[in-house]
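Structure file work_10.pdb (PDB, C-alpha atoms) is printed below.
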ATOM      1  CA  MET A   1      -1.782 -14.142   1.825
ATOM      2  CA  ALA A   2       1.518 -14.988   0.185
ATOM      3  CA  ASP A   3       3.710 -17.820   1.360
ATOM      4  CA  LEU A   4       5.815 -17.313   4.460
ATOM      5  CA  PHE A   5       9.571 -17.687   4.508
ATOM      6  CA  ASP A   6      12.035 -18.750   7.142
ATOM      7  CA  THR A   7      14.105 -16.105   8.892
ATOM      8  CA  SER A   8      17.496 -17.718   8.415
ATOM      9  CA  SER A   9      18.653 -14.792   6.280
ATOM     10  CA  ILE A  10      18.525 -12.510   9.348
ATOM     11  CA  PRO A  11      21.667 -12.628  11.529
ATOM     12  CA  ASP A  12      20.360 -12.747  15.066
ATOM     13  CA  GLU A  13      23.231 -10.852  16.690
ATOM     14  CA  PRO A  14      23.108  -7.816  18.988
ATOM     15  CA  SER A  15      25.565  -5.916  16.792
ATOM     16  CA  TYR A  16      23.296  -6.374  13.789
ATOM     17  CA  TRP A  17      20.219  -5.167  15.660
ATOM     18  CA  ASP A  18      22.094  -2.207  17.150
ATOM     19  CA  ALA A  19      23.320  -1.135  13.735
ATOM     20  CA  LEU A  20      19.905  -1.534  12.111
ATOM     21  CA  ALA A  21      18.144   0.322  14.922
ATOM     22  CA  SER A  22      20.651   3.138  14.737
ATOM     23  CA  ARG A  23      20.251   3.443  10.978
ATOM     24  CA  ILE A  24      16.464   3.546  11.271
ATOM     25  CA  ALA A  25      16.486   5.978  14.178
ATOM     26  CA  ASN A  26      18.749   8.361  12.238
ATOM     27  CA  ALA A  27      16.719   8.067   9.018
ATOM     28  CA  ALA A  28      13.328   9.114  10.350
ATOM     29  CA  PRO A  29      14.099  12.623  11.662
ATOM     30  CA  ARG A  30      16.086  13.448   8.473
ATOM     31  CA  ARG A  31      13.223  12.575   6.193
ATOM     32  CA  THR A  32      10.465  14.150   8.224
ATOM     33  CA  SER A  33      12.431  17.411   8.561
ATOM     34  CA  VAL A  34      11.981  17.949   4.821
ATOM     35  CA  VAL A  35       8.248  17.350   5.106
ATOM     36  CA  ALA A  36       8.046  19.686   8.069
ATOM     37  CA  TRP A  37       9.952  22.397   6.200
ATOM     38  CA  VAL A  38       7.554  22.329   3.267
ATOM     39  CA  GLY A  39       4.507  22.314   5.513
ATOM     40  CA  SER A  40       5.806  25.187   7.596
ATOM     41  CA  ARG A  41       5.964  27.577   4.661
ATOM     42  CA  GLN A  42       2.750  29.312   5.564
ATOM     43  CA  ARG A  43       3.543  32.244   3.356
ATOM     44  CA  GLY A  44       3.337  29.947   0.361
ATOM     45  CA  TRP A  45      -0.092  28.683   1.376
ATOM     46  CA  VAL A  46      -1.357  32.244   2.026
ATOM     47  CA  PHE A  47      -0.068  33.429  -1.334
ATOM     48  CA  ALA A  48      -1.731  30.483  -3.067
ATOM     49  CA  ALA A  49      -4.997  31.326  -1.322
ATOM     50  CA  TYR A  50      -4.778  34.941  -2.541
ATOM     51  CA  LEU A  51      -4.124  33.735  -6.086
ATOM     52  CA  ALA A  52      -7.126  31.447  -5.961
ATOM     53  CA  ALA A  53      -9.336  34.256  -4.668
ATOM     54  CA  ALA A  54      -8.102  36.646  -7.355
ATOM     55  CA  ALA A  55      -8.756  34.052 -10.060
ATOM     56  CA  ALA A  56     -12.265  33.494  -8.754
ATOM     57  CA  MET A  57     -12.968  37.224  -8.805
ATOM     58  CA  ALA A  58     -11.648  37.540 -12.346
ATOM     59  CA  ILE A  59     -13.845  34.710 -13.532
ATOM     60  CA  ALA A  60     -16.885  36.228 -11.839
ATOM     61  CA  ALA A  61     -16.175  39.615 -13.460
ATOM     62  CA  ALA A  62     -15.882  38.025 -16.878
ATOM     63  CA  MET A  63     -19.185  36.264 -16.417
ATOM     64  CA  THR A  64     -21.039  39.533 -15.602
ATOM     65  CA  ILE A  65     -19.840  41.117 -18.873
ATOM     66  CA  GLU A  66     -20.829  38.134 -20.949
ATOM     67  CA  PRO A  67     -24.669  38.311 -20.965
ATOM     68  CA  PRO A  68     -25.073  41.777 -22.647
ATOM     69  CA  ARG A  69     -22.558  40.821 -25.337
ATOM     70  CA  ARG A  70     -24.354  37.562 -25.868
ATOM     71  CA  ALA A  71     -27.709  39.386 -26.147
ATOM     72  CA  SER A  72     -26.354  41.897 -28.689
ATOM     73  CA  THR A  73     -24.828  39.038 -30.672
ATOM     74  CA  THR A  74     -28.141  37.240 -30.693
ATOM     75  CA  ALA A  75     -29.984  40.316 -31.906
ATOM     76  CA  MET A  76     -27.389  40.881 -34.603
ATOM     77  CA  LEU A  77     -27.694  37.312 -35.808
ATOM     78  CA  ALA A  78     -31.487  37.560 -35.826
ATOM     79  CA  ALA A  79     -31.355  40.722 -37.900
ATOM     80  CA  VAL A  80     -28.993  39.168 -40.420
ATOM     81  CA  LEU A  81     -30.830  35.868 -40.740
ATOM     82  CA  THR A  82     -34.384  37.225 -40.900
ATOM     83  CA  PRO A  83     -35.615  37.323 -44.509
ATOM     84  CA  ASN A  84     -36.315  40.762 -45.978
ATOM     85  CA  ASP A  85     -39.405  39.795 -48.000
ATOM     86  CA  ALA A  86     -42.912  39.715 -46.600
ATOM     87  CA  LEU A  87     -43.414  35.965 -47.011
ATOM     88  CA  GLY A  88     -40.059  35.155 -45.443
ATOM     89  CA  ARG A  89     -40.741  37.375 -42.469
ATOM     90  CA  MET A  90     -44.081  35.716 -42.042
ATOM     91  CA  LEU A  91     -42.575  32.227 -42.072
ATOM     92  CA  ALA A  92     -39.736  33.235 -39.750
ATOM     93  CA  GLY A  93     -42.095  34.399 -37.068
ATOM     94  CA  THR A  94     -42.592  32.630 -33.791
ATOM     95  CA  THR A  95     -46.196  31.703 -34.558
ATOM     96  CA  PRO A  96     -47.285  29.836 -37.697
ATOM     97  CA  PRO A  97     -49.029  32.092 -40.274
ATOM     98  CA  SER A  98     -52.702  31.578 -41.143
ATOM     99  CA  LEU A  99     -53.408  29.696 -44.351
ATOM    100  CA  THR A 100     -55.295  32.584 -45.882
ATOM    101  CA  ALA A 101     -52.228  34.791 -45.597
ATOM    102  CA  LEU A 102     -50.113  32.395 -47.632
ATOM    103  CA  PRO A 103     -49.929  32.907 -51.415
ATOM    104  CA  PRO A 104     -51.693  30.236 -53.585
ATOM    105  CA  VAL A 105     -49.541  27.322 -54.642
ATOM    106  CA  GLN A 106     -49.187  27.019 -58.429
ATOM    107  CA  ALA A 107     -49.135  23.506 -59.831
ATOM    108  CA  PRO A 108     -46.078  22.580 -61.902
ATOM    109  CA  PRO A 109     -46.601  22.305 -65.705
ATOM    110  CA  THR A 110     -47.511  18.801 -66.925
ATOM    111  CA  ARG A 111     -45.619  16.856 -69.608
ATOM    112  CA  SER A 112     -48.517  16.934 -72.104
ATOM    113  CA  ALA A 113     -48.529  20.707 -72.064
ATOM    114  CA  GLN A 114     -44.923  20.602 -73.282
TER     115      GLN A 114
ATOM    116  CA  MET B   1       8.494  10.411  20.990
ATOM    117  CA  ALA B   2       5.678  12.818  20.151
ATOM    118  CA  ALA B   3       7.461  15.531  22.133
ATOM    119  CA  GLY B   4      10.623  15.096  20.044
ATOM    120  CA  ASP B   5      12.629  13.122  22.626
ATOM    121  CA  ASP B   6      15.432  11.564  20.626
ATOM    122  CA  ASP B   7      16.350   9.057  23.321
ATOM    123  CA  ALA B   8      12.781   7.818  23.592
ATOM    124  CA  TRP B   9      12.614   7.427  19.836
ATOM    125  CA  ARG B  10      15.841   5.405  19.711
ATOM    126  CA  LEU B  11      14.695   3.255  22.615
ATOM    127  CA  LEU B  12      11.402   2.538  20.855
ATOM    128  CA  VAL B  13      13.169   1.540  17.668
ATOM    129  CA  ARG B  14      15.667  -0.695  19.460
ATOM    130  CA  ARG B  15      12.916  -2.391  21.427
ATOM    131  CA  HIS B  16      10.806  -3.361  18.424
ATOM    132  CA  VAL B  17      13.232  -3.570  15.507
ATOM    133  CA  ARG B  18      14.059  -7.255  16.032
ATOM    134  CA  SER B  19      10.522  -8.619  16.129
ATOM    135  CA  ALA B  20       9.412  -6.342  13.303
ATOM    136  CA  THR B  21      12.337  -7.360  11.102
ATOM    137  CA  LEU B  22      11.831 -11.083  11.739
ATOM    138  CA  PHE B  23       8.166 -10.703  10.851
ATOM    139  CA  ALA B  24       9.046  -8.755   7.718
ATOM    140  CA  ALA B  25      11.600 -11.417   6.794
ATOM    141  CA  GLN B  26       8.947 -14.113   7.077
ATOM    142  CA  MET B  27       6.746 -12.186   4.692
ATOM    143  CA  MET B  28       9.421 -11.134   2.222
ATOM    144  CA  GLY B  29      12.027 -13.905   2.374
ATOM    145  CA  ASP B  30      14.799 -11.395   1.822
ATOM    146  CA  ARG B  31      16.889  -9.509   4.361
ATOM    147  CA  ASP B  32      17.171  -6.262   2.396
ATOM    148  CA  ASP B  33      13.458  -6.184   1.688
ATOM    149  CA  ALA B  34      12.696  -6.830   5.331
ATOM    150  CA  GLU B  35      14.973  -4.021   6.487
ATOM    151  CA  ASP B  36      13.483  -1.568   3.970
ATOM    152  CA  ILE B  37       9.962  -2.369   5.049
ATOM    153  CA  VAL B  38      10.778  -2.066   8.739
ATOM    154  CA  GLN B  39      12.499   1.258   8.152
ATOM    155  CA  SER B  40       9.460   2.544   6.246
ATOM    156  CA  ALA B  41       7.194   1.393   9.055
ATOM    157  CA  PHE B  42       9.228   3.194  11.714
ATOM    158  CA  ILE B  43       9.390   6.364   9.615
ATOM    159  CA  LEU B  44       5.615   6.264   9.361
ATOM    160  CA  ALA B  45       5.431   5.889  13.126
ATOM    161  CA  PHE B  46       7.714   8.891  13.572
ATOM    162  CA  GLU B  47       5.618  11.029  11.231
ATOM    163  CA  ARG B  48       2.409  10.073  13.020
ATOM    164  CA  ALA B  49       3.789  10.200  16.528
ATOM    165  CA  ALA B  50       1.466  12.991  17.539
ATOM    166  CA  THR B  51      -1.680  11.155  16.404
ATOM    167  CA  LEU B  52      -0.946   7.603  17.604
ATOM    168  CA  ASP B  53      -3.230   6.301  20.339
ATOM    169  CA  ARG B  54      -0.900   6.050  23.338
ATOM    170  CA  SER B  55      -3.368   3.940  25.317
ATOM    171  CA  ARG B  56      -2.822   1.042  22.917
ATOM    172  CA  PRO B  57       0.391  -0.965  22.596
ATOM    173  CA  PHE B  58       2.748   0.100  19.866
ATOM    174  CA  ALA B  59       3.862  -3.349  18.648
ATOM    175  CA  PRO B  60       0.548  -4.497  17.085
ATOM    176  CA  TRP B  61       0.256  -1.175  15.224
ATOM    177  CA  LEU B  62       3.812  -1.559  13.933
ATOM    178  CA  PHE B  63       3.228  -5.166  12.850
ATOM    179  CA  GLY B  64       0.086  -4.092  11.011
ATOM    180  CA  VAL B  65       2.034  -1.482   9.070
ATOM    181  CA  VAL B  66       4.760  -4.023   8.266
ATOM    182  CA  ARG B  67       2.131  -6.457   7.051
ATOM    183  CA  ARG B  68       0.469  -3.898   4.780
ATOM    184  CA  LEU B  69       3.773  -2.705   3.362
ATOM    185  CA  ALA B  70       4.814  -6.298   2.651
ATOM    186  CA  GLN B  71       1.501  -7.035   0.958
ATOM    187  CA  LYS B  72       1.814  -3.930  -1.207
ATOM    188  CA  THR B  73       5.330  -4.937  -2.196
ATOM    189  CA  HIS B  74       4.185  -8.428  -3.117
ATOM    190  CA  ALA B  75       1.302  -7.061  -5.163
ATOM    191  CA  ARG B  76       3.588  -4.668  -7.016
ATOM    192  CA  ARG B  77       6.064  -7.447  -7.819
ATOM    193  CA  ALA B  78       3.308  -9.811  -8.876
ATOM    194  CA  ARG B  79       2.117  -7.246 -11.410
ATOM    195  CA  ARG B  80       5.656  -6.833 -12.658
ATOM    196  CA  ARG B  81       6.128 -10.609 -12.911
ATOM    197  CA  ALA B  82       2.918 -10.935 -14.867
ATOM    198  CA  LEU B  83       4.402  -8.661 -17.491
ATOM    199  CA  TRP B  84       7.651 -10.606 -17.755
ATOM    200  CA  ARG B  85       6.285 -14.100 -17.274
ATOM    201  CA  ARG B  86       7.494 -15.336 -20.647
ATOM    202  CA  TRP B  87      11.071 -14.276 -20.177
ATOM    203  CA  ALA B  88      11.934 -13.952 -16.465
ATOM    204  CA  VAL B  89      12.947 -16.863 -14.265
ATOM    205  CA  ASP B  90      10.879 -16.899 -11.100
ATOM    206  CA  THR B  91      13.441 -16.373  -8.344
ATOM    207  CA  ASP B  92      10.918 -16.242  -5.502
ATOM    208  CA  ARG B  93      11.510 -19.777  -4.468
ATOM    209  CA  GLY B  94      10.057 -19.436  -1.017
ATOM    210  CA  PRO B  95      11.350 -21.752   1.700
ATOM    211  CA  GLN B  96      14.466 -23.550   0.620
ATOM    212  CA  ALA B  97      13.458 -27.146   1.048
ATOM    213  CA  ASP B  98      16.327 -28.754  -0.842
ATOM    214  CA  ASP B  99      19.764 -27.206  -0.581
ATOM    215  CA  PRO B 100      22.374 -29.730  -1.716
ATOM    216  CA  LEU B 101      25.249 -27.716  -0.203
ATOM    217  CA  ASP B 102      24.430 -28.640   3.397
ATOM    218  CA  ALA B 103      22.568 -31.862   2.748
ATOM    219  CA  ALA B 104      24.668 -33.698   5.325
ATOM    220  CA  SER B 105      23.985 -31.254   8.177
ATOM    221  CA  ASP B 106      21.392 -31.404  10.897
ATOM    222  CA  VAL B 107      20.303 -27.899   9.982
ATOM    223  CA  ALA B 108      19.373 -29.093   6.506
ATOM    224  CA  PHE B 109      17.251 -31.868   7.977
ATOM    225  CA  VAL B 110      15.464 -29.427  10.245
ATOM    226  CA  ARG B 111      14.949 -26.941   7.420
ATOM    227  CA  ARG B 112      13.500 -29.578   5.157
ATOM    228  CA  ALA B 113      11.188 -30.742   7.878
ATOM    229  CA  LEU B 114      10.219 -27.143   8.622
ATOM    230  CA  ALA B 115       9.527 -26.491   4.972
ATOM    231  CA  SER B 116       7.096 -29.373   4.897
ATOM    232  CA  LEU B 117       5.011 -27.937   7.732
ATOM    233  CA  PRO B 118       1.847 -25.940   7.070
ATOM    234  CA  ARG B 119       2.731 -22.274   6.680
ATOM    235  CA  MET B 120       1.374 -20.985   9.988
ATOM    236  CA  GLN B 121       2.939 -23.816  11.984
ATOM    237  CA  ARG B 122       6.204 -23.086  10.255
ATOM    238  CA  ALA B 123       5.959 -19.352  10.887
ATOM    239  CA  CYS B 124       5.026 -19.674  14.564
ATOM    240  CA  PHE B 125       7.653 -22.313  15.266
ATOM    241  CA  ASP B 126      10.317 -20.239  13.532
ATOM    242  CA  LEU B 127       9.544 -17.108  15.518
ATOM    243  CA  VAL B 128       8.646 -18.576  18.917
ATOM    244  CA  ILE B 129      11.075 -21.487  19.170
ATOM    245  CA  LEU B 130      13.953 -20.642  16.862
ATOM    246  CA  ARG B 131      13.902 -16.868  17.334
ATOM    247  CA  ASP B 132      12.460 -16.595  20.827
ATOM    248  CA  VAL B 133       9.898 -13.958  19.880
ATOM    249  CA  ALA B 134       7.145 -13.443  22.434
ATOM    250  CA  VAL B 135       3.954 -15.375  21.771
ATOM    251  CA  ASP B 136       1.896 -12.198  22.170
ATOM    252  CA  ASP B 137       3.993 -10.436  19.536
ATOM    253  CA  VAL B 138       3.543 -13.308  17.087
ATOM    254  CA  ALA B 139      -0.195 -13.226  17.794
ATOM    255  CA  ALA B 140      -0.239  -9.514  16.965
ATOM    256  CA  MET B 141       1.767 -10.027  13.785
ATOM    257  CA  TYR B 142      -0.690 -12.501  12.327
ATOM    258  CA  GLU B 143      -3.788 -11.141  14.044
ATOM    259  CA  ILE B 144      -4.531 -14.409  15.802
ATOM    260  CA  SER B 145      -4.903 -15.270  19.463
ATOM    261  CA  ALA B 146      -1.978 -16.270  21.659
ATOM    262  CA  SER B 147      -3.566 -19.669  22.220
ATOM    263  CA  THR B 148      -3.677 -20.208  18.458
ATOM    264  CA  VAL B 149       0.018 -19.395  18.252
ATOM    265  CA  ARG B 150       0.726 -21.958  20.974
ATOM    266  CA  GLN B 151      -1.356 -24.548  19.151
ATOM    267  CA  HIS B 152       0.617 -23.970  15.969
ATOM    268  CA  VAL B 153       3.868 -24.333  17.882
ATOM    269  CA  PHE B 154       2.651 -27.505  19.590
ATOM    270  CA  ARG B 155       1.604 -29.105  16.310
ATOM    271  CA  ALA B 156       4.817 -28.020  14.622
ATOM    272  CA  ARG B 157       6.860 -29.647  17.377
ATOM    273  CA  ARG B 158       4.848 -32.835  17.136
ATOM    274  CA  ASP B 159       5.157 -33.016  13.368
ATOM    275  CA  LEU B 160       8.851 -32.182  13.452
ATOM    276  CA  ARG B 161       9.523 -34.885  16.007
ATOM    277  CA  SER B 162       7.793 -37.401  13.806
ATOM    278  CA  ALA B 163       9.705 -36.244  10.761
ATOM    279  CA  LEU B 164      13.130 -35.990  12.381
ATOM    280  CA  GLU B 165      13.227 -38.819  14.871
ATOM    281  CA  PRO B 166      13.984 -41.607  12.398
ATOM    282  CA  VAL B 167      16.989 -39.658  11.161
ATOM    283  CA  LEU B 168      18.282 -37.765  14.167
ATOM    284  CA  GLY B 169      17.094 -39.969  17.016
ATOM    285  CA  ALA B 170      17.590 -38.409  20.455
ATOM    286  CA  ARG B 171      18.883 -35.136  18.961
ATOM    287  CA  THR B 172      15.366 -34.183  17.870
ATOM    288  CA  THR B 173      14.567 -32.916  21.366
ATOM    289  CA  ARG B 174      17.248 -30.243  20.940
ATOM    290  CA  TRP B 175      15.902 -28.930  17.631
ATOM    291  CA  THR B 176      12.242 -29.051  18.501
ATOM    292  CA  GLY B 177      12.647 -27.232  21.818
ATOM    293  CA  GLY B 178      12.054 -30.259  23.996
ATOM    294  CA  ASP B 179       8.830 -30.471  25.949
ATOM    295  CA  SER B 180       9.000 -26.993  27.447
ATOM    296  CA  ALA B 181       5.850 -24.956  27.405
ATOM    297  CA  GLY B 182       5.582 -22.426  24.633
TER     298      GLY B 182
END

Take the structure I supplied and represent it as structure tokens, if you would.
Amino acid sequence: MADLFDTSSIPDEPSYWDALASRIANAAPRRTSVVAWVGSRQRGWVFAAYLAAAAAMAIAAAMTIEPPRRASTTAMLAAVLTPNDALGRMLAGTTPPSLTALPPVQAPPTRSAQ
Amino acid sequence: MAAGDDDAWRLLVRRHVRSATLFAAQMMGDRDDAEDIVQSAFILAFERAATLDRSRPFAPWLFGVVRRLAQKTHARRARRRALWRRWAVDTDRGPQADDPLDAASDVAFVRRALASLPRMQRACFDLVILRDVAVDDVAAMYEISASTVRQHVFRARRDLRSALEPVLGARTTRWTGGDSAG
């Protein structure tokens, strides 16, 4: 805890305490009336609740449309990216092709042959 | 107060404003700061009037709020001082132990002797003896027992007598509150 000070700066007179008490007593109701006014605006809170509900419904509606579009996009991408030759289609499949189905690998020409 | 009775509210403020302000002044060392903190504490009480526990005394709750507000203010200023430490002069001098302007007065002697006391002895003596605040209120302010407050006052008196007697002689009984019970 911080150091403690003496109270000599406070004038210990009834007039001082009366004035301070009066100032404090007048200040509190003025300030809290503003708070009470804001809190009493129930229409504002109800309107905000309706907005929040409408936003939630809009988001939910957007999410139900999304999956079919995503599926059609996926199919489109698959059609574009899939190779159009037999070997490419074989390699692009979900299961690895059998070795016998693959074409033989030709060895590159050696330097002596050149 | 919870029912909106203006007279009750004003009576409550008038009853507790003195002790709360003296306590705040001990924590802040400045009259304006003390008044601001006390006003904030009473405003908080007004806003929470409906939820305060009426079976418990109001003064300890108020002192607790004053204490927390003072601590928050100190913490905020300490952070600010840390930023300006290289350039700002520290004006929080705490108890004024040496004031050359009234060096010749008895008050200066008493203040110097008070300043040399341990902080809780100084605080309790200031409030109980010099300001005539109730021992129970001081106990609530510092969250100690009433007997502890009386012990602090007793030791402060004893130490002040020892410090002041060589200089002030028989007048020390006036400044230290005599031998009356705390």

What gap, in Å, lies between atom CA of A:Ser8 and atom CA of B:Ser116?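 Between atom CA of A:Ser8 and atom CA of B:Ser116 the gap is 16.0 Å.
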
Report as a CSV table (one decimal) with C-alpha atoms, in the frame of the given file the residues that result from applying the ChimeraX specification (/A :<6) & /B to the structure here.
chain,number,residue,atom,x,y,z
B,10,ARG,CA,15.8,5.4,19.7
B,13,VAL,CA,13.2,1.5,17.7
B,14,ARG,CA,15.7,-0.7,19.5
B,25,ALA,CA,11.6,-11.4,6.8
B,26,GLN,CA,8.9,-14.1,7.1
B,27,MET,CA,6.7,-12.2,4.7
B,29,GLY,CA,12.0,-13.9,2.4
B,31,ARG,CA,16.9,-9.5,4.4
B,39,GLN,CA,12.5,1.3,8.2
B,43,ILE,CA,9.4,6.4,9.6
B,94,GLY,CA,10.1,-19.4,-1.0
B,95,PRO,CA,11.4,-21.8,1.7

When distances are computed from all atoms listed in the file, which of B:Ile37, B:Val133, B:Val110, B:Ala163 shows the smallest separation from B:Thr73?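 Ranked by minimum distance to B:Thr73, first place goes to B:Ile37.
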
Mind telling me what the PyMOL selection byres ((chain B and resi 134) around 12) catches here, as a VMD selection string? chain B and resid 16 18 to 20 22 to 23 59 124 to 133 135 to 141 146 149 to 150 182

Straight-line distance linking atom CA of B:Pro60 with atom CA of B:Phe154, stated in Å to one decimal: 23.2 Å

What is the distance between atom CA of B:Glu165 and atom CA of B:Ala115, in Å to one decimal?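 Those two atoms sit 16.2 Å apart.
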
Between B:Leu69, B:Leu164, B:Ala50, B:Ala123, which one has atoms that come closest to B:Phe109, using only C-alpha atoms?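 The answer is B:Leu164, which sits nearest to B:Phe109.
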